[in-house]
$ cat entry-v5.txt   # compact mmCIF, C-alpha atoms
# COMPACT_ATOMS: atom_id res chain seq x y z
CA MET A 8 -41.86 2.63 -110.80
CA SER A 9 -44.86 4.40 -112.19
CA GLU A 10 -46.87 6.77 -110.00
CA ALA A 11 -50.45 6.10 -109.22
CA ALA A 12 -52.78 7.70 -111.70
CA GLY A 13 -54.79 10.58 -110.43
CA PRO A 14 -57.08 13.25 -111.66
CA PRO A 15 -55.67 15.69 -114.17
CA ARG A 16 -53.77 18.51 -112.54
CA GLU A 17 -53.62 22.16 -113.41
CA SER A 18 -50.62 24.43 -112.95
CA ASP A 19 -50.66 28.07 -111.92
CA GLU A 20 -47.60 30.25 -112.37
CA ARG A 21 -46.62 33.17 -110.21
CA LEU A 22 -43.62 35.42 -110.45
CA GLY A 23 -41.36 35.41 -107.43
CA VAL A 24 -38.29 37.43 -106.50
CA ASN A 25 -35.04 35.89 -105.34
CA GLY A 26 -32.96 37.34 -102.54
CA ASP A 27 -30.46 38.90 -105.10
CA GLY A 28 -33.26 40.70 -106.96
CA SER A 29 -33.63 38.20 -109.85
CA SER A 30 -37.01 36.79 -110.65
CA ARG A 31 -38.18 33.20 -110.68
CA VAL A 32 -41.37 31.41 -111.62
CA LEU A 33 -43.32 29.82 -108.82
CA ARG A 34 -45.58 26.96 -109.79
CA SER A 35 -48.51 25.57 -107.80
CA THR A 36 -50.62 22.66 -108.78
CA ARG A 37 -54.11 21.69 -107.69
CA THR A 38 -56.42 18.98 -108.79
CA ALA A 39 -59.39 19.51 -110.95
CA ASP A 40 -61.63 18.33 -108.18
CA SER A 41 -60.29 21.03 -105.84
CA LYS A 42 -60.89 23.62 -108.48
CA GLU A 43 -64.39 22.37 -108.99
CA ARG A 44 -65.10 22.48 -105.28
CA GLY A 45 -63.78 26.05 -105.21
CA ARG A 46 -66.21 26.99 -107.94
CA GLU A 47 -69.07 25.42 -105.94
CA ALA A 48 -68.08 27.35 -102.85
CA GLN A 49 -68.30 30.56 -104.83
CA LEU A 50 -71.89 29.91 -105.88
CA PRO A 51 -74.31 32.39 -104.27
CA THR A 52 -76.44 31.19 -101.29
CA PRO A 53 -80.22 31.43 -101.79
CA ALA A 54 -81.55 34.55 -100.10
CA THR A 55 -83.49 34.12 -96.79
CA PRO A 56 -86.94 35.63 -96.89
CA GLN A 57 -86.80 38.88 -95.03
CA VAL A 58 -89.58 40.72 -93.23
CA PRO A 59 -89.73 44.40 -94.09
CA THR A 60 -89.84 46.84 -91.20
CA THR A 61 -90.33 50.58 -91.44
CA PRO A 62 -88.49 52.64 -88.81
CA PRO A 63 -89.14 56.37 -88.65
CA SER A 64 -87.56 58.28 -91.57
CA SER A 65 -84.90 60.79 -90.67
CA SER A 66 -85.91 63.10 -93.54
CA GLY A 67 -89.65 62.89 -92.93
CA ASP A 68 -90.33 62.24 -96.69
CA GLU A 69 -89.74 58.60 -97.53
CA PRO A 70 -89.72 55.81 -94.89
CA LEU A 71 -86.52 53.81 -94.76
CA THR A 72 -87.32 50.14 -95.35
CA THR A 73 -85.12 47.55 -93.56
CA THR A 74 -85.41 43.84 -92.91
CA SER A 75 -85.29 41.79 -89.66
CA THR A 76 -84.34 38.14 -89.25
CA ALA A 77 -85.64 37.85 -85.58
CA PRO A 78 -88.10 34.95 -85.04
CA ALA A 79 -91.71 35.79 -84.34
CA MET A 80 -92.71 35.98 -80.60
CA PRO A 81 -94.74 33.00 -79.32
CA PRO A 82 -98.39 33.92 -78.89
CA HIS A 83 -98.44 33.20 -75.13
CA MET A 84 -95.56 35.67 -74.62
CA ILE A 85 -97.16 38.56 -76.51
CA PRO A 86 -98.96 39.93 -73.36
CA TYR A 87 -95.57 40.33 -71.64
CA ALA A 88 -94.00 42.30 -74.49
CA THR A 89 -95.20 45.64 -73.15
CA GLN A 90 -94.62 44.93 -69.43
CA PRO A 91 -91.60 46.35 -67.58
CA PRO A 92 -89.07 43.83 -66.18
CA SER A 93 -90.23 44.38 -62.57
CA GLU A 94 -93.78 43.24 -63.40
CA ILE A 95 -92.50 40.23 -65.33
CA LEU A 96 -90.33 39.17 -62.35
CA SER A 97 -93.28 39.65 -60.01
CA THR A 98 -95.45 37.41 -62.18
CA ILE A 99 -92.74 34.74 -62.35
CA SER A 100 -92.22 34.85 -58.56
CA GLN A 101 -95.90 33.91 -58.10
CA THR A 102 -95.43 30.71 -60.06
CA PRO A 103 -94.97 27.83 -57.56
CA LEU A 104 -91.93 26.46 -59.43
CA PHE A 105 -90.06 29.76 -59.07
CA MET A 106 -91.36 30.99 -55.69
CA THR A 107 -88.68 31.80 -53.11
CA SER A 108 -91.03 32.48 -50.16
CA LEU A 109 -94.60 31.97 -48.99
CA SER A 110 -96.30 35.13 -47.78
CA PRO A 111 -99.42 34.54 -45.63
CA THR A 112 -100.47 38.15 -46.16
CA ASP A 113 -100.92 37.97 -49.94
CA ALA A 114 -104.28 39.54 -50.75
CA GLU A 115 -104.77 37.79 -54.12
CA PRO A 116 -105.31 34.01 -54.23
CA ASN A 117 -102.73 31.89 -56.03
CA PRO A 118 -104.57 28.99 -57.73
CA GLY A 119 -101.37 27.13 -58.61
CA LEU A 120 -100.06 27.31 -55.08
CA GLU A 121 -103.42 26.37 -53.60
CA ALA A 122 -103.54 23.31 -55.86
CA LEU A 123 -100.08 22.19 -54.72
CA GLN A 124 -100.96 22.77 -51.08
CA ALA A 125 -104.14 20.77 -51.47
CA LEU A 126 -102.11 17.81 -52.75
CA ALA A 127 -100.28 17.70 -49.40
CA TYR A 128 -103.57 16.80 -47.68
CA GLU A 129 -104.73 14.08 -50.09
CA GLY A 130 -104.61 10.48 -48.97
CA PRO A 131 -104.98 8.62 -45.67
CA PRO A 132 -104.08 10.61 -42.52
CA SER A 133 -101.08 8.39 -41.82
CA GLU A 134 -99.62 9.09 -45.28
CA ILE A 135 -100.22 12.84 -44.96
CA ALA A 136 -98.67 12.91 -41.50
CA GLN A 137 -95.75 10.77 -42.65
CA ASN A 138 -95.07 13.23 -45.47
CA PHE A 139 -94.94 16.15 -43.03
CA ARG A 140 -92.80 14.09 -40.67
CA GLU A 141 -90.24 13.39 -43.42
CA GLN A 142 -90.09 17.06 -44.32
CA GLY A 143 -89.55 17.81 -40.64
CA ASN A 144 -86.74 15.26 -40.53
CA GLU A 145 -85.01 16.96 -43.46
CA CYS A 146 -85.16 20.30 -41.68
CA PHE A 147 -84.02 18.65 -38.45
CA ARG A 148 -80.93 17.21 -40.13
CA ALA A 149 -80.19 20.67 -41.52
CA LYS A 150 -80.60 22.11 -37.97
CA ARG A 151 -83.50 24.30 -39.11
CA TRP A 152 -85.26 23.80 -35.80
CA LYS A 153 -88.15 26.21 -36.32
CA ASP A 154 -89.04 24.75 -39.73
CA ALA A 155 -88.76 21.20 -38.41
CA LYS A 156 -91.00 22.06 -35.48
CA GLU A 157 -93.58 23.52 -37.88
CA PHE A 158 -93.69 20.36 -40.02
CA TYR A 159 -94.01 18.10 -36.98
CA GLY A 160 -96.83 20.32 -35.78
CA LYS A 161 -98.62 19.95 -39.12
CA ALA A 162 -98.33 16.17 -38.87
CA LEU A 163 -99.75 16.22 -35.35
CA ARG A 164 -102.68 18.41 -36.39
CA VAL A 165 -103.54 15.96 -39.17
CA LEU A 166 -103.49 13.11 -36.66
CA GLU A 167 -105.63 15.04 -34.18
CA GLU A 168 -108.24 15.59 -36.86
CA ALA A 169 -108.14 11.89 -37.70
CA ARG A 170 -108.63 11.05 -34.02
CA ARG A 171 -111.73 13.26 -33.87
CA LYS A 172 -113.15 11.39 -36.85
CA ARG A 173 -112.41 8.06 -35.20
CA GLU A 174 -114.51 9.12 -32.23
CA LYS A 175 -117.40 9.13 -34.66
CA GLY A 176 -116.69 5.51 -35.60
CA GLU A 177 -114.36 6.03 -38.57
CA GLY A 178 -110.88 4.57 -39.11
CA ALA A 179 -109.42 1.05 -39.52
CA GLU A 180 -107.34 -0.64 -36.83
CA GLU A 181 -104.17 -0.77 -38.94
CA GLU A 182 -104.50 2.92 -39.80
CA VAL A 183 -104.93 3.73 -36.10
CA ARG A 184 -101.73 1.85 -35.27
CA LYS A 185 -99.76 3.79 -37.91
CA GLU A 186 -101.15 7.08 -36.71
CA ARG A 187 -100.16 6.41 -33.08
CA GLU A 188 -96.66 5.44 -34.15
CA ILE A 189 -96.20 8.60 -36.23
CA GLU A 190 -97.72 10.75 -33.49
CA GLU A 191 -95.28 9.40 -30.90
CA ILE A 192 -92.28 10.03 -33.15
CA CYS A 193 -93.41 13.54 -34.10
CA LEU A 194 -93.93 14.45 -30.44
CA VAL A 195 -90.48 13.20 -29.46
CA ASN A 196 -88.87 15.00 -32.42
CA ARG A 197 -90.73 18.24 -31.72
CA ALA A 198 -89.55 17.99 -28.12
CA ALA A 199 -85.98 17.87 -29.47
CA CYS A 200 -86.64 20.99 -31.58
CA ASN A 201 -88.02 22.81 -28.53
CA LEU A 202 -84.92 21.83 -26.57
CA GLU A 203 -82.71 23.38 -29.25
CA LEU A 204 -84.91 26.50 -29.25
CA GLN A 205 -84.78 26.60 -25.41
CA ASN A 206 -88.56 26.24 -25.18
CA TYR A 207 -88.18 24.00 -22.14
CA ARG A 208 -91.78 24.16 -20.89
CA GLN A 209 -93.07 23.19 -24.33
CA THR A 210 -90.53 20.36 -24.34
CA THR A 211 -92.03 18.96 -21.14
CA LEU A 212 -95.51 19.02 -22.69
CA ASP A 213 -94.45 17.22 -25.89
CA ALA A 214 -92.35 14.62 -24.08
CA THR A 215 -95.13 13.93 -21.56
CA ARG A 216 -97.64 13.42 -24.39
CA ALA A 217 -95.25 11.01 -26.07
CA LEU A 218 -94.91 9.03 -22.83
CA THR A 219 -98.68 8.67 -22.58
CA LEU A 220 -98.51 6.90 -25.95
CA ASN A 221 -95.44 4.84 -25.06
CA PRO A 222 -94.21 4.90 -21.46
CA THR A 223 -91.01 3.09 -22.47
CA ASN A 224 -89.79 5.68 -24.99
CA ILE A 225 -86.21 6.36 -23.82
CA LYS A 226 -85.81 9.51 -25.94
CA ALA A 227 -88.95 11.00 -24.45
CA HIS A 228 -87.71 10.26 -20.91
CA TYR A 229 -84.29 11.74 -21.70
CA ARG A 230 -85.64 14.94 -23.27
CA LEU A 231 -88.19 15.41 -20.49
CA SER A 232 -85.43 15.04 -17.90
CA LEU A 233 -83.18 17.46 -19.78
CA ALA A 234 -85.99 20.04 -19.95
CA HIS A 235 -86.60 19.73 -16.20
CA TYR A 236 -82.86 20.14 -15.62
CA ASN A 237 -82.77 23.37 -17.63
CA LEU A 238 -85.82 24.63 -15.72
CA ASN A 239 -83.94 23.85 -12.48
CA HIS A 240 -86.59 21.30 -11.52
CA LEU A 241 -83.91 18.95 -10.28
CA PRO A 242 -86.05 16.43 -8.34
CA ALA A 243 -88.30 15.92 -11.39
CA ALA A 244 -85.27 15.71 -13.68
CA LEU A 245 -83.63 13.04 -11.51
CA SER A 246 -86.83 11.01 -11.13
CA THR A 247 -87.46 10.99 -14.89
CA LEU A 248 -83.89 10.04 -15.70
CA GLN A 249 -83.86 7.23 -13.15
CA THR A 250 -86.93 5.80 -14.90
CA ALA A 251 -85.05 5.91 -18.19
CA LEU A 252 -82.08 4.13 -16.62
CA THR A 253 -84.34 1.31 -15.49
CA LEU A 254 -85.67 0.89 -19.03
CA SER A 255 -82.36 1.00 -20.89
CA PRO A 256 -78.72 0.13 -20.31
CA PRO A 257 -76.72 3.24 -19.34
CA THR A 258 -75.66 5.20 -22.41
CA PRO A 259 -73.19 8.13 -22.50
CA PRO A 260 -75.98 10.76 -22.85
CA LEU A 261 -77.96 9.28 -19.96
CA GLN A 262 -74.88 8.98 -17.75
CA SER A 263 -73.73 12.50 -18.58
CA LEU A 264 -77.13 14.01 -17.76
CA HIS A 265 -77.30 11.96 -14.56
CA GLN A 266 -73.95 13.38 -13.43
CA LYS A 267 -75.04 16.93 -14.28
CA ILE A 268 -78.20 16.57 -12.22
CA LEU A 269 -76.32 15.19 -9.23
CA THR A 270 -73.75 18.00 -9.44
CA ALA A 271 -76.49 20.63 -9.69
CA GLN A 272 -78.33 19.10 -6.75
CA SER A 273 -75.17 19.19 -4.65
CA ALA A 274 -74.56 22.86 -5.52
CA GLN A 275 -78.20 23.67 -4.86
CA SER A 276 -78.06 21.89 -1.51
CA THR A 277 -74.96 23.87 -0.56
CA LYS A 278 -76.63 27.14 -1.49
CA GLU A 279 -79.78 26.21 0.38
CA THR A 280 -77.79 25.31 3.47
CA ALA A 281 -76.00 28.66 3.32
CA ARG A 282 -79.31 30.48 2.81
CA LEU A 283 -80.91 28.78 5.78
CA ALA A 284 -77.87 29.53 7.91
CA ARG A 285 -78.02 33.17 6.85
CA LEU A 286 -81.71 33.37 7.70
CA ALA A 287 -81.09 31.75 11.07
CA ALA A 288 -78.31 34.25 11.81
CA GLN A 289 -80.54 37.15 10.81
CA LYS A 290 -83.34 35.84 12.98
CA ALA A 291 -81.00 35.43 15.95
CA ALA A 292 -79.61 38.96 15.44
CA LEU A 293 -83.14 40.38 15.29
CA GLN A 294 -84.05 38.59 18.50
CA ARG A 295 -80.97 39.99 20.25
CA LEU A 296 -81.79 43.48 18.97
CA GLN A 297 -85.38 43.29 20.17
CA SER A 298 -84.18 42.02 23.52
CA ALA A 299 -81.71 44.94 23.84
CA LEU A 300 -84.48 47.44 23.05
CA ARG A 301 -86.76 45.90 25.66
CA ASP A 302 -84.00 45.90 28.24
CA ARG A 303 -83.45 49.63 27.65
CA ASN A 304 -87.20 50.40 27.60
CA ILE A 305 -86.90 51.93 24.12
CA ALA A 306 -90.21 51.95 22.23
CA THR A 307 -90.29 51.49 18.45
CA ARG A 308 -93.09 51.33 15.90
CA ARG A 309 -93.81 51.42 12.20
CA SER A 310 -95.83 54.23 10.65
CA ALA A 311 -98.72 53.53 8.32
CA ALA A 312 -96.50 54.40 5.36
CA GLY A 313 -93.73 52.12 6.64
CA THR A 314 -91.04 54.74 5.98
CA ALA A 315 -89.85 57.90 7.68
CA SER A 316 -92.26 60.82 7.26
CA VAL A 317 -89.27 63.03 6.47
CA PRO A 318 -86.98 61.60 3.73
CA VAL A 319 -83.60 60.35 4.94
CA PRO A 320 -80.45 60.14 2.80
CA ASP A 321 -79.72 56.48 3.64
CA LEU A 322 -82.86 54.43 3.15
CA ASP A 323 -81.05 51.24 4.20
CA ALA A 324 -80.06 52.64 7.60
CA LYS A 325 -81.44 50.45 10.39
CA ILE A 326 -81.17 50.16 14.15
CA SER A 327 -78.22 47.86 14.86
CA LEU A 328 -76.62 46.18 17.84
CA ASP A 329 -72.91 45.78 18.44
CA ASP A 330 -72.90 42.48 20.35
CA ASP A 331 -69.31 42.81 21.51
CA ALA A 332 -69.67 46.38 22.84
CA GLY A 333 -73.32 46.03 23.82
CA VAL A 334 -74.16 49.34 22.13
CA LEU A 335 -77.31 50.15 20.14
CA TYR A 336 -76.87 52.42 17.14
CA PHE A 337 -79.71 54.55 15.76
CA PRO A 338 -80.01 56.36 12.41
CA THR A 339 -80.66 59.96 13.46
CA LEU A 340 -82.24 62.76 11.44
CA VAL A 341 -81.33 66.26 12.70
CA LEU A 342 -83.96 68.80 11.62
CA TYR A 343 -83.64 72.61 11.63
CA PRO A 344 -87.37 73.52 11.39
CA LEU A 345 -86.87 77.32 11.31
CA ALA A 346 -84.42 77.07 8.42
CA TRP A 347 -85.96 74.18 6.47
CA GLN A 348 -82.66 72.29 6.57
CA SER A 349 -81.50 68.93 7.89
CA ASP A 350 -78.49 66.74 8.66
CA PHE A 351 -78.20 62.96 8.96
CA ILE A 352 -76.22 60.79 11.37
CA SER A 353 -76.11 57.22 10.11
CA ALA A 354 -75.32 55.63 13.51
CA LEU A 355 -75.71 57.43 16.84
CA GLY A 356 -74.76 55.16 19.76
CA ASP A 357 -77.14 55.02 22.72
CA ASP A 358 -74.19 55.56 25.06
CA GLY A 359 -73.17 58.78 23.34
CA ALA A 360 -74.45 62.33 23.84
CA LEU A 361 -75.70 64.64 21.11
CA GLY A 362 -73.25 67.48 21.91
CA PRO A 363 -70.12 66.04 20.24
CA ARG A 364 -72.06 65.35 17.05
CA LEU A 365 -73.44 68.88 16.96
CA ALA A 366 -69.90 70.19 17.30
CA GLU A 367 -69.02 68.31 14.11
CA MET A 368 -72.02 69.67 12.15
CA LEU A 369 -72.33 73.26 13.37
CA PRO A 370 -72.14 75.94 12.20
CA PRO A 371 -73.68 74.79 8.92
CA PRO A 372 -72.69 76.45 5.58
CA TRP A 373 -76.19 77.81 5.00
CA ASP A 374 -76.27 79.74 8.35
CA GLU A 375 -75.37 83.24 7.12
CA ALA A 376 -76.68 84.86 10.31
CA GLY A 377 -74.48 82.68 12.54
CA GLU A 378 -77.41 81.54 14.70
CA TYR A 379 -76.59 77.84 14.67
CA THR A 380 -73.56 77.12 16.86
CA PRO A 381 -73.00 74.18 19.27
CA GLU A 382 -73.51 76.50 22.24
CA GLY A 383 -76.29 78.63 20.72
CA VAL A 384 -78.93 76.00 19.94
CA GLU A 385 -81.53 73.96 21.86
CA CYS A 386 -82.48 70.37 21.00
CA TYR A 387 -85.91 68.71 21.30
CA MET A 388 -87.70 65.46 20.51
CA GLU A 389 -91.40 64.97 19.91
CA THR A 390 -93.14 62.91 22.58
CA VAL A 391 -95.59 60.05 22.16
CA ALA A 392 -98.36 62.41 23.30
CA GLY A 393 -97.48 64.95 20.60
CA GLY A 394 -95.59 67.41 22.78
CA LEU A 395 -91.87 68.18 23.06
CA VAL A 396 -89.13 67.08 25.38
CA LYS A 397 -85.83 68.89 25.67
CA VAL A 398 -82.70 66.85 24.91
CA GLY A 399 -79.62 67.75 26.89
CA LYS A 400 -76.52 67.97 24.73
CA LYS A 401 -74.49 66.10 27.36
CA VAL A 402 -77.10 63.43 28.16
CA PRO A 403 -76.62 60.00 26.52
CA ILE A 404 -79.25 59.59 23.83
CA GLY A 405 -80.15 56.15 25.22
CA LYS A 406 -81.35 57.75 28.44
CA VAL A 407 -83.71 60.03 26.53
CA LEU A 408 -85.01 57.18 24.36
CA GLY A 409 -85.54 54.96 27.42
CA SER A 410 -87.47 57.59 29.38
CA GLY A 411 -90.77 56.27 28.08
CA LYS A 412 -91.79 59.69 26.75
CA VAL A 413 -90.53 59.25 23.18
CA GLU A 414 -90.50 56.50 20.59
CA VAL A 415 -88.44 55.62 17.55
CA VAL A 416 -90.64 55.62 14.43
CA ASP A 417 -89.56 53.68 11.33
CA GLU A 418 -86.15 53.03 12.94
CA VAL A 419 -85.12 56.71 12.72
CA VAL A 420 -84.55 59.08 15.69
CA LYS A 421 -85.61 62.69 14.96
CA ILE A 422 -83.91 65.60 16.76
CA LEU A 423 -85.27 69.16 16.36
CA VAL A 424 -82.64 71.94 16.63
CA VAL A 425 -83.53 75.67 16.94
CA PRO A 426 -81.53 78.78 17.93
CA ARG A 427 -81.68 79.39 21.71
CA GLU A 428 -83.07 82.93 21.42
CA LYS A 429 -85.94 81.69 19.22
CA ALA A 430 -86.59 78.43 21.07
CA ALA A 431 -89.29 79.68 23.50
CA GLY A 432 -91.43 81.23 20.79
CA TRP A 433 -91.06 78.20 18.54
CA VAL A 434 -92.04 75.81 21.38
CA GLU A 435 -95.21 77.79 22.07
CA GLU A 436 -96.18 77.78 18.43
CA PHE A 437 -95.48 74.04 18.25
CA LYS A 438 -97.77 73.33 21.21
CA GLU A 439 -100.49 75.46 19.65
CA GLY A 440 -100.15 73.49 16.46
CA LYS A 441 -98.85 76.43 14.49
CA ARG A 442 -95.39 74.99 14.15
CA GLY A 443 -94.25 71.58 13.05
CA TYR A 444 -91.03 70.52 11.41
CA GLY A 445 -91.11 73.57 9.19
$ encode --input "entry-v5.txt" --output "structure tokens"
Amino acid sequence: MSEAAGPPRESDERLGVNGDGSSRVLRSTRTADSKERGREAQLPTPATPQVPTTPPSSSGDEPLTTTSTAPAMPPHMIPYATQPPSEILSTISQTPLFMTSLSPTDAEPNPGLEALQALAYEGPPSEIAQNFREQGNECFRAKRWKDAKEFYGKALRVLEEARRKREKGEGAEEEVRKEREIEEICLVNRAACNLELQNYRQTTLDATRALTLNPTNIKAHYRLSLAHYNLNHLPAALSTLQTALTLSPPTPPLQSLHQKILTAQSAQSTKETARLARLAAQKAALQRLQSALRDRNIATRRSAAGTASVPVPDLDAKISLDDDAGVLYFPTLVLYPLAWQSDFISALGDDGALGPRLAEMLPPPWDEAGEYTPEGVECYMETVAGGLVKVGKKVPIGKVLGSGKVEVVDEVVKILVVPREKAAGWVEEFKEGKRGYG
């Protein structure tokens, strides 16, 4: 069988070496076409025109000429060639397509941005408001409550402006219907945003406005009721929700809110009952206390300041009555006017004498001279007339208070204690007005 004819072949010989060191001839054959293609591949490529550039010469004599194959810069980019990267980025960031934020404080106007913003307010008011509403819906779905609220607000402002124009006789009936529908939806949706942002008072305003447009809007009733619930306006919350339940079959959200309101009302009622009972008990205790003071002929009054003229350690100390024992207890301030010192007895019973208490307090740590001992002091109280009355250390304090000569001011009894050997001189000075509590 003869072989298919082909192009003439050429042979190349190479000398090879066998493994035992002998040589052999290696033959390779290639077609004439392959050889021709090889010759074509070896032909030189036409030179690309090159632009000469002249960088600074290192020797300073002859400039070194090189070539560059970089494409020429577009004419509109030439002004940026000398700017630093920060300025280029700043310029790009002011282009609306590449802006990442809108700054209301920019001093220089941005014509491109202003043109885009102007487009948002072209067309009938209903279309403009609908555009803002849809943007608000996108933010709402993304739970960007503040942004959604802002877009709904823009839609409502457009509709308010359209309403002002209608008052001047402008606006078709169909356009008015669309505007009212969009306004109602935007108000209800903005109320939802305010709920999420915990702006409950603003929620009540938006929901109420929506109900003036459509009293049967279930969402507006629900969100108004929920806002009242969070403001602890439970009667208003229940009334609004009951209206919603009459307009719509019970739904899980309505039923859940209804149960929450009823539970809160029950808890509030319990707390109110306890508060009223507490007030009634306090009132009854006060009446018993006042009755006990009258029965003992003990006079009390409030000063103009309403507090003790001399500071007391326990500001909450009050006259109290032990109903079981029938004993009145008085906060008592013990003053040492010649030493500028004081002690405080939080509850001195009217059936007890002053002596045992003095035995507990005297001698005081500041008495270096040893003048203040239970046996070496005299006790006094200031009278209603401005004088002094001596208080026996063995006499029940209730007897002194019920004598009609003294009174309890600001619910604190004041006892003046001085050393016996200095008492006469101090009393004289007190009567002459030269001595007081100090």
$ atom_distance --input "entry-v5.txt" --atom1 "CA of Arg427 in chain A" --atom2 "CA of Leu361 in chain A"
15.9 Å
$ closest_residue --input "entry-v5.txt" --among "A:Trp347, A:Tyr387, A:Tyr87, A:Phe437" --to "Ile99 in chain A" --atoms "all atoms listed in the file"
A:Tyr87
$ residues_around --input "entry-v5.txt" --residues "Lys438 in chain A" --least-positions-apart "2" --cutoff "12 Å" --atoms "all atoms listed in the file" --output "PyMOL selection string"
chain A and resi 389-390+392-396+431-436+440-443
$ residues_around --input "entry-v5.txt" --residues "Lys226 in chain A" --least-positions-apart "2" --cutoff "10 Å" --atoms "only C-alpha atoms" --output "ChimeraX atom specification"
/A:192,195-196,198-199,214,217-218,223-224,228-232,251,261
$ atom_distance --input "entry-v5.txt" --atom1 "CA of Glu190 in chain A" --atom2 "CA of Glu167 in chain A"
9.0 Å
$ atom_distance --input "entry-v5.txt" --atom1 "CA of Gly130 in chain A" --atom2 "CA of Thr102 in chain A"
24.8 Å
$ residues_around --input "entry-v5.txt" --residues "Gly411 in chain A" --least-positions-apart "4" --cutoff "12 Å" --atoms "all atoms listed in the file" --output "list in words"
Leu300, Arg301, Arg303, Asn304, Ile305, Ala306, Thr307, Glu389, Thr390, Val391, Ala392, Val396, Gly405, Lys406, Val407 and Val415 of chain A
$ closest_residue --input "entry-v5.txt" --among "A:Val183, A:Leu355, A:Leu194, A:Met388" --to "Glu157 in chain A" --atoms "all atoms listed in the file"
A:Leu194
$ residues_around --input "entry-v5.txt" --residues "Val419 in chain A" --least-positions-apart "3" --cutoff "6 Å" --atoms "only C-alpha atoms" --output "PyMOL selection string"
chain A and resi 338-339+415-416
$ write_last_selection --input "entry-v5.txt" --atoms "C-alpha atoms" --output "tab-separated table (two decimals), in the coordinates of the input"
chain	number	residue	atom	x	y	z
A	338	PRO	CA	-80.01	56.36	12.41
A	339	THR	CA	-80.66	59.96	13.46
A	415	VAL	CA	-88.44	55.62	17.55
A	416	VAL	CA	-90.64	55.62	14.43
